[in-house]
Amino acid sequence: MSEALIEERLRNLREYIDETLEHLDLTSLHPLMEAPVRYMLKTGGKRLRPLICLLSAELVGGEREKAIKPSLALELIHNGTLIHDDIIDEDETRRGKPSVHITYGVKRGILAGDILLSLGLKYAAETGDPRIVEWLSETSSKMVQGVALQTHYRRRILSEEEYLEIAYLKSGSLFEASAALGALIGGGDDVEVERLASFGRCFGVAYQIRDDIQGILNGDEALNDLVNGDVTLPLIYALESPSITEAERESLLQAYETGSLLEADEVRRIYIHSKALERAVEKMRLYAEECIEALRGFESSPPLECLLHLVDIYYLKLEV
């Protein structure tokens, strides 16, 4: 398939997901709670998790229509955790709009997040496959633990191994579930499920590293993680770099440990000078290569080309 056809296929799948979410039956909810839930779902997003679920189902010979319920479950759970994350991190905007808790208040925000999580499990149960419910239940627990660890270790210096554990729990586990659930609902065998789970796991960890990298490159956002005390892979690499000066190390540590301000351009300069940004990109691309390796056992097909294209545009062709 040409790149244009791949992009068209992905666009059609995203539209299918968006339309299904837009017409989601929320009549069982009281209007007090339906409003913040719909507000969150209308903020958009890349829909990567349900997209990967649908493509994984098609890859093993399954039907798109059968895979839509686990795909919805994944997106609902993802959005529920985002509401909670914004409250914990005190982030006032989400996807360019006021966060749910800013618009509707913290209490309603917490409850809206809870409802989205419960709706996700409801759609998982409607598949009639207990393995899917079990996957999502375990994944939800992993994600909560990831946020708990990130919060607990805020303003502490972590090792690369500790960072990657949190990245897997927070991000990798839901992508892992996305691909695995697609394989399960599509009728994949144990080997196919494991290969796609591995693909999703690596895709998700790479996605967290990519988020760190883009946070440094995007204007004043370079300061956000640092000042908030959230460890990133570039920070870990910068602090252990032999080329960083003691003054630069102290500047980073002071900003990270105390929340003191540091110019965004200076942060970027240190990350580039210390080769921390370069190392983070290399690590991200290693995970991208593992994504590709996990898919090697599958025959060439449109869904396979779409999955490989996602790896390509998000990681291998990321401009730094």
# chains A, B, ... in the order shown; residues from 1 in each chain; ligands from 1
>>> residues_around(residues="segment 75-79 of chain A", least_positions_apart="4", cutoff="9 Å", atoms="only C-alpha atoms", output="compact mmCIF listing (two decimals) with C-alpha atoms, in the first residue's frame")
# COMPACT_ATOMS: atom_id res chain seq x y z
CA MET A 40 -14.10 14.72 28.00
CA LEU A 41 -14.91 12.43 25.08
CA ARG A 47 -7.40 7.46 19.39
CA LEU A 48 -4.21 5.40 19.18
CA ARG A 49 -5.28 2.71 21.64
CA PRO A 50 -8.58 1.79 19.97
CA PRO A 70 -12.93 -3.66 23.41
CA SER A 71 -11.67 -0.64 21.46
CA ILE A 83 -9.19 13.15 34.07
CA HIS A 84 -7.65 11.75 37.25
CA GLY A 113 -13.22 9.67 35.70
CA ASP A 114 -14.67 6.86 37.81
CA LEU A 116 -15.49 6.34 32.41
CA LEU A 117 -13.49 3.55 34.04
CA SER A 118 -16.66 1.65 34.93
CA LEU A 119 -18.09 2.17 31.43
CA GLY A 120 -14.88 0.75 30.00
CA LEU A 121 -15.27 -2.43 32.04
CA LEU A 136 -8.44 -4.70 31.38
CA SER A 140 -6.23 -0.68 35.17
CA LEU A 174 -2.57 0.06 28.16
>>> closest_atom_pairs(of="segment 14-128 of chain A", to="segment 224-248 of chain A", cutoff="12 Å", atoms="only C-alpha atoms", output="Markdown table")
| residue | atom | partner | partner_atom | distance |
| --- | --- | --- | --- | --- |
| A:Ile88 | CA | A:Asn228 | CA | 11.4 |
| A:Asp89 | CA | A:Asn228 | CA | 8.2 |
| A:Glu90 | CA | A:Asn228 | CA | 9.9 |
| A:Asp91 | CA | A:Asn224 | CA | 10.2 |
>>> write_last_selection(atoms="N, CA and C atoms", output="mmCIF file, in the first residue's frame")
data_model
loop_
_atom_site.group_PDB
_atom_site.id
_atom_site.type_symbol
_atom_site.label_atom_id
_atom_site.label_comp_id
_atom_site.auth_asym_id
_atom_site.auth_seq_id
_atom_site.Cartn_x
_atom_site.Cartn_y
_atom_site.Cartn_z
ATOM 1 N N ILE A 88 -4.582 15.151 39.711
ATOM 2 C CA ILE A 88 -3.389 14.881 40.519
ATOM 3 C C ILE A 88 -2.273 15.870 40.185
ATOM 4 N N ASP A 89 -2.075 16.121 38.877
ATOM 5 C CA ASP A 89 -0.986 16.997 38.429
ATOM 6 C C ASP A 89 -1.361 18.479 38.445
ATOM 7 N N GLU A 90 -2.629 18.765 38.758
ATOM 8 C CA GLU A 90 -3.139 20.142 38.768
ATOM 9 C C GLU A 90 -2.976 20.817 37.405
ATOM 10 N N ASP A 91 -3.175 20.032 36.339
ATOM 11 C CA ASP A 91 -3.113 20.576 34.984
ATOM 12 C C ASP A 91 -4.457 21.200 34.627
#
>>> closest_atom_pairs(of="segment 169-207 of chain A", to="segment 290-312 of chain A", cutoff="12 Å", atoms="only C-alpha atoms", output="Markdown table")
| residue | atom | partner | partner_atom | distance |
| --- | --- | --- | --- | --- |
| A:Gly172 | CA | A:Cys291 | CA | 11.9 |
| A:Phe175 | CA | A:Cys291 | CA | 11.6 |
| A:Glu176 | CA | A:Cys291 | CA | 11.0 |
| A:Ala179 | CA | A:Leu307 | CA | 10.2 |
| A:Gly182 | CA | A:Pro303 | CA | 11.7 |
| A:Gly188 | CA | A:Phe298 | CA | 11.4 |
| A:Val191 | CA | A:Gly297 | CA | 9.5 |
| A:Glu192 | CA | A:Phe298 | CA | 8.4 |
| A:Val193 | CA | A:Ala294 | CA | 10.7 |
| A:Glu194 | CA | A:Ala294 | CA | 8.9 |
| A:Arg195 | CA | A:Ala294 | CA | 5.3 |
| A:Leu196 | CA | A:Ala294 | CA | 6.8 |
| A:Ala197 | CA | A:Ala294 | CA | 8.7 |
| A:Ser198 | CA | A:Ala294 | CA | 6.2 |
| A:Phe199 | CA | A:Cys291 | CA | 4.6 |
| A:Gly200 | CA | A:Cys291 | CA | 7.4 |
| A:Arg201 | CA | A:Cys291 | CA | 8.3 |
| A:Cys202 | CA | A:Cys291 | CA | 5.8 |
| A:Phe203 | CA | A:Cys291 | CA | 6.2 |
| A:Gly204 | CA | A:Cys291 | CA | 9.8 |
| A:Val205 | CA | A:Cys291 | CA | 10.5 |
| A:Ala206 | CA | A:Cys291 | CA | 9.4 |
| A:Tyr207 | CA | A:Val311 | CA | 9.8 |
>>> select_by_dssp(residues="segment 24-192 of chain A", states="alpha helix (DSSP H)", output="ChimeraX atom specification")
/A:31-41,48-59,64-89,100-104,106-125,130-152,160-167,173-185,190-192
>>> closest_residue(among="A:Val147, A:Leu164, A:Ala73, A:Ala57", to="Ala180 of chain A", atoms="only C-alpha atoms")
A:Ala57
>>> residues_around(residues="Lys66 of chain A", least_positions_apart="5", cutoff="12 Å", atoms="only C-alpha atoms", output="list in words")
Cys53, Leu54, Leu55, Ala57, Glu58, Gly61, Ser71, Leu72, Tyr123, Ala124, Glu126, Thr127, Gly128, Asp129, Leu181, Gly182, Ala183, Leu184, Ile185, Gly186 and Gly187 of chain A
>>> decode(residues="segment 260-298 of chain A", atoms="N, CA and C atoms", output="PDB file, in the first residue's frame")
ATOM      1  N   SER A 260      12.132  25.477  41.400  1.00  0.00           N
ATOM      2  CA  SER A 260      12.576  26.830  41.045  1.00  0.00           C
ATOM      3  C   SER A 260      12.636  26.966  39.523  1.00  0.00           C
ATOM      4  N   LEU A 261      12.444  28.186  39.044  1.00  0.00           N
ATOM      5  CA  LEU A 261      12.370  28.426  37.612  1.00  0.00           C
ATOM      6  C   LEU A 261      13.747  28.396  36.961  1.00  0.00           C
ATOM      7  N   LEU A 262      13.753  27.891  35.735  1.00  0.00           N
ATOM      8  CA  LEU A 262      14.956  27.866  34.914  1.00  0.00           C
ATOM      9  C   LEU A 262      14.496  28.159  33.492  1.00  0.00           C
ATOM     10  N   GLU A 263      15.238  28.982  32.770  1.00  0.00           N
ATOM     11  CA  GLU A 263      14.821  29.352  31.416  1.00  0.00           C
ATOM     12  C   GLU A 263      14.687  28.111  30.534  1.00  0.00           C
ATOM     13  N   ALA A 264      13.596  28.062  29.759  1.00  0.00           N
ATOM     14  CA  ALA A 264      13.340  26.907  28.897  1.00  0.00           C
ATOM     15  C   ALA A 264      14.482  26.689  27.905  1.00  0.00           C
ATOM     16  N   ASP A 265      15.001  27.771  27.349  1.00  0.00           N
ATOM     17  CA  ASP A 265      16.102  27.651  26.391  1.00  0.00           C
ATOM     18  C   ASP A 265      17.349  27.067  27.051  1.00  0.00           C
ATOM     19  N   GLU A 266      17.558  27.413  28.323  1.00  0.00           N
ATOM     20  CA  GLU A 266      18.712  26.883  29.049  1.00  0.00           C
ATOM     21  C   GLU A 266      18.540  25.387  29.301  1.00  0.00           C
ATOM     22  N   VAL A 267      17.326  24.972  29.629  1.00  0.00           N
ATOM     23  CA  VAL A 267      17.049  23.544  29.828  1.00  0.00           C
ATOM     24  C   VAL A 267      17.363  22.779  28.550  1.00  0.00           C
ATOM     25  N   ARG A 268      16.854  23.272  27.433  1.00  0.00           N
ATOM     26  CA  ARG A 268      17.097  22.605  26.152  1.00  0.00           C
ATOM     27  C   ARG A 268      18.585  22.560  25.826  1.00  0.00           C
ATOM     28  N   ARG A 269      19.280  23.662  26.102  1.00  0.00           N
ATOM     29  CA  ARG A 269      20.718  23.713  25.805  1.00  0.00           C
ATOM     30  C   ARG A 269      21.472  22.647  26.584  1.00  0.00           C
ATOM     31  N   ILE A 270      21.129  22.495  27.865  1.00  0.00           N
ATOM     32  CA  ILE A 270      21.800  21.495  28.700  1.00  0.00           C
ATOM     33  C   ILE A 270      21.505  20.084  28.194  1.00  0.00           C
ATOM     34  N   TYR A 271      20.256  19.822  27.854  1.00  0.00           N
ATOM     35  CA  TYR A 271      19.885  18.489  27.368  1.00  0.00           C
ATOM     36  C   TYR A 271      20.588  18.151  26.053  1.00  0.00           C
ATOM     37  N   ILE A 272      20.767  19.159  25.206  1.00  0.00           N
ATOM     38  CA  ILE A 272      21.433  18.921  23.924  1.00  0.00           C
ATOM     39  C   ILE A 272      22.939  18.793  24.126  1.00  0.00           C
ATOM     40  N   HIS A 273      23.519  19.714  24.911  1.00  0.00           N
ATOM     41  CA  HIS A 273      24.962  19.708  25.164  1.00  0.00           C
ATOM     42  C   HIS A 273      25.409  18.407  25.839  1.00  0.00           C
ATOM     43  N   SER A 274      24.609  17.900  26.748  1.00  0.00           N
ATOM     44  CA  SER A 274      24.965  16.677  27.483  1.00  0.00           C
ATOM     45  C   SER A 274      24.666  15.408  26.696  1.00  0.00           C
ATOM     46  N   LYS A 275      24.083  15.571  25.495  1.00  0.00           N
ATOM     47  CA  LYS A 275      23.662  14.452  24.638  1.00  0.00           C
ATOM     48  C   LYS A 275      22.542  13.621  25.267  1.00  0.00           C
ATOM     49  N   ALA A 276      21.892  14.190  26.285  1.00  0.00           N
ATOM     50  CA  ALA A 276      20.781  13.484  26.932  1.00  0.00           C
ATOM     51  C   ALA A 276      19.606  13.320  25.975  1.00  0.00           C
ATOM     52  N   LEU A 277      19.339  14.360  25.199  1.00  0.00           N
ATOM     53  CA  LEU A 277      18.235  14.300  24.238  1.00  0.00           C
ATOM     54  C   LEU A 277      18.531  13.260  23.162  1.00  0.00           C
ATOM     55  N   GLU A 278      19.765  13.247  22.699  1.00  0.00           N
ATOM     56  CA  GLU A 278      20.184  12.287  21.675  1.00  0.00           C
ATOM     57  C   GLU A 278      20.047  10.851  22.189  1.00  0.00           C
ATOM     58  N   ARG A 279      20.464  10.622  23.428  1.00  0.00           N
ATOM     59  CA  ARG A 279      20.358   9.276  24.011  1.00  0.00           C
ATOM     60  C   ARG A 279      18.903   8.856  24.182  1.00  0.00           C
ATOM     61  N   ALA A 280      18.053   9.801  24.560  1.00  0.00           N
ATOM     62  CA  ALA A 280      16.629   9.483  24.732  1.00  0.00           C
ATOM     63  C   ALA A 280      16.000   9.098  23.396  1.00  0.00           C
ATOM     64  N   VAL A 281      16.372   9.809  22.344  1.00  0.00           N
ATOM     65  CA  VAL A 281      15.864   9.477  21.005  1.00  0.00           C
ATOM     66  C   VAL A 281      16.329   8.078  20.605  1.00  0.00           C
ATOM     67  N   GLU A 282      17.591   7.770  20.880  1.00  0.00           N
ATOM     68  CA  GLU A 282      18.121   6.440  20.561  1.00  0.00           C
ATOM     69  C   GLU A 282      17.357   5.350  21.313  1.00  0.00           C
ATOM     70  N   LYS A 283      17.057   5.607  22.581  1.00  0.00           N
ATOM     71  CA  LYS A 283      16.321   4.627  23.385  1.00  0.00           C
ATOM     72  C   LYS A 283      14.915   4.435  22.828  1.00  0.00           C
ATOM     73  N   MET A 284      14.266   5.534  22.486  1.00  0.00           N
ATOM     74  CA  MET A 284      12.925   5.459  21.906  1.00  0.00           C
ATOM     75  C   MET A 284      12.944   4.619  20.635  1.00  0.00           C
ATOM     76  N   ARG A 285      13.947   4.830  19.810  1.00  0.00           N
ATOM     77  CA  ARG A 285      14.014   4.108  18.537  1.00  0.00           C
ATOM     78  C   ARG A 285      14.375   2.642  18.730  1.00  0.00           C
ATOM     79  N   LEU A 286      15.076   2.323  19.801  1.00  0.00           N
ATOM     80  CA  LEU A 286      15.319   0.912  20.121  1.00  0.00           C
ATOM     81  C   LEU A 286      14.001   0.200  20.411  1.00  0.00           C
ATOM     82  N   TYR A 287      13.137   0.864  21.172  1.00  0.00           N
ATOM     83  CA  TYR A 287      11.818   0.284  21.439  1.00  0.00           C
ATOM     84  C   TYR A 287      11.004   0.193  20.152  1.00  0.00           C
ATOM     85  N   ALA A 288      11.167   1.172  19.267  1.00  0.00           N
ATOM     86  CA  ALA A 288      10.467   1.128  17.980  1.00  0.00           C
ATOM     87  C   ALA A 288      10.919  -0.074  17.160  1.00  0.00           C
ATOM     88  N   GLU A 289      12.221  -0.353  17.189  1.00  0.00           N
ATOM     89  CA  GLU A 289      12.737  -1.522  16.472  1.00  0.00           C
ATOM     90  C   GLU A 289      12.185  -2.813  17.074  1.00  0.00           C
ATOM     91  N   GLU A 290      11.996  -2.834  18.385  1.00  0.00           N
ATOM     92  CA  GLU A 290      11.404  -4.011  19.019  1.00  0.00           C
ATOM     93  C   GLU A 290       9.946  -4.177  18.601  1.00  0.00           C
ATOM     94  N   CYS A 291       9.255  -3.064  18.379  1.00  0.00           N
ATOM     95  CA  CYS A 291       7.884  -3.125  17.846  1.00  0.00           C
ATOM     96  C   CYS A 291       7.876  -3.837  16.500  1.00  0.00           C
ATOM     97  N   ILE A 292       8.798  -3.428  15.643  1.00  0.00           N
ATOM     98  CA  ILE A 292       8.883  -4.011  14.302  1.00  0.00           C
ATOM     99  C   ILE A 292       9.226  -5.491  14.386  1.00  0.00           C
ATOM    100  N   GLU A 293      10.148  -5.828  15.274  1.00  0.00           N
ATOM    101  CA  GLU A 293      10.557  -7.227  15.445  1.00  0.00           C
ATOM    102  C   GLU A 293       9.380  -8.088  15.892  1.00  0.00           C
ATOM    103  N   ALA A 294       8.543  -7.548  16.764  1.00  0.00           N
ATOM    104  CA  ALA A 294       7.389  -8.303  17.266  1.00  0.00           C
ATOM    105  C   ALA A 294       6.395  -8.631  16.160  1.00  0.00           C
ATOM    106  N   LEU A 295       6.400  -7.834  15.093  1.00  0.00           N
ATOM    107  CA  LEU A 295       5.446  -8.039  13.999  1.00  0.00           C
ATOM    108  C   LEU A 295       6.006  -8.875  12.857  1.00  0.00           C
ATOM    109  N   ARG A 296       7.255  -9.316  12.967  1.00  0.00           N
ATOM    110  CA  ARG A 296       7.903 -10.003  11.848  1.00  0.00           C
ATOM    111  C   ARG A 296       7.227 -11.320  11.479  1.00  0.00           C
ATOM    112  N   GLY A 297       6.556 -11.961  12.412  1.00  0.00           N
ATOM    113  CA  GLY A 297       5.939 -13.254  12.116  1.00  0.00           C
ATOM    114  C   GLY A 297       4.641 -13.171  11.343  1.00  0.00           C
ATOM    115  N   PHE A 298       4.144 -11.969  11.101  1.00  0.00           N
ATOM    116  CA  PHE A 298       2.860 -11.810  10.412  1.00  0.00           C
ATOM    117  C   PHE A 298       3.070 -11.571   8.916  1.00  0.00           C
TER     118      PHE A 298
END
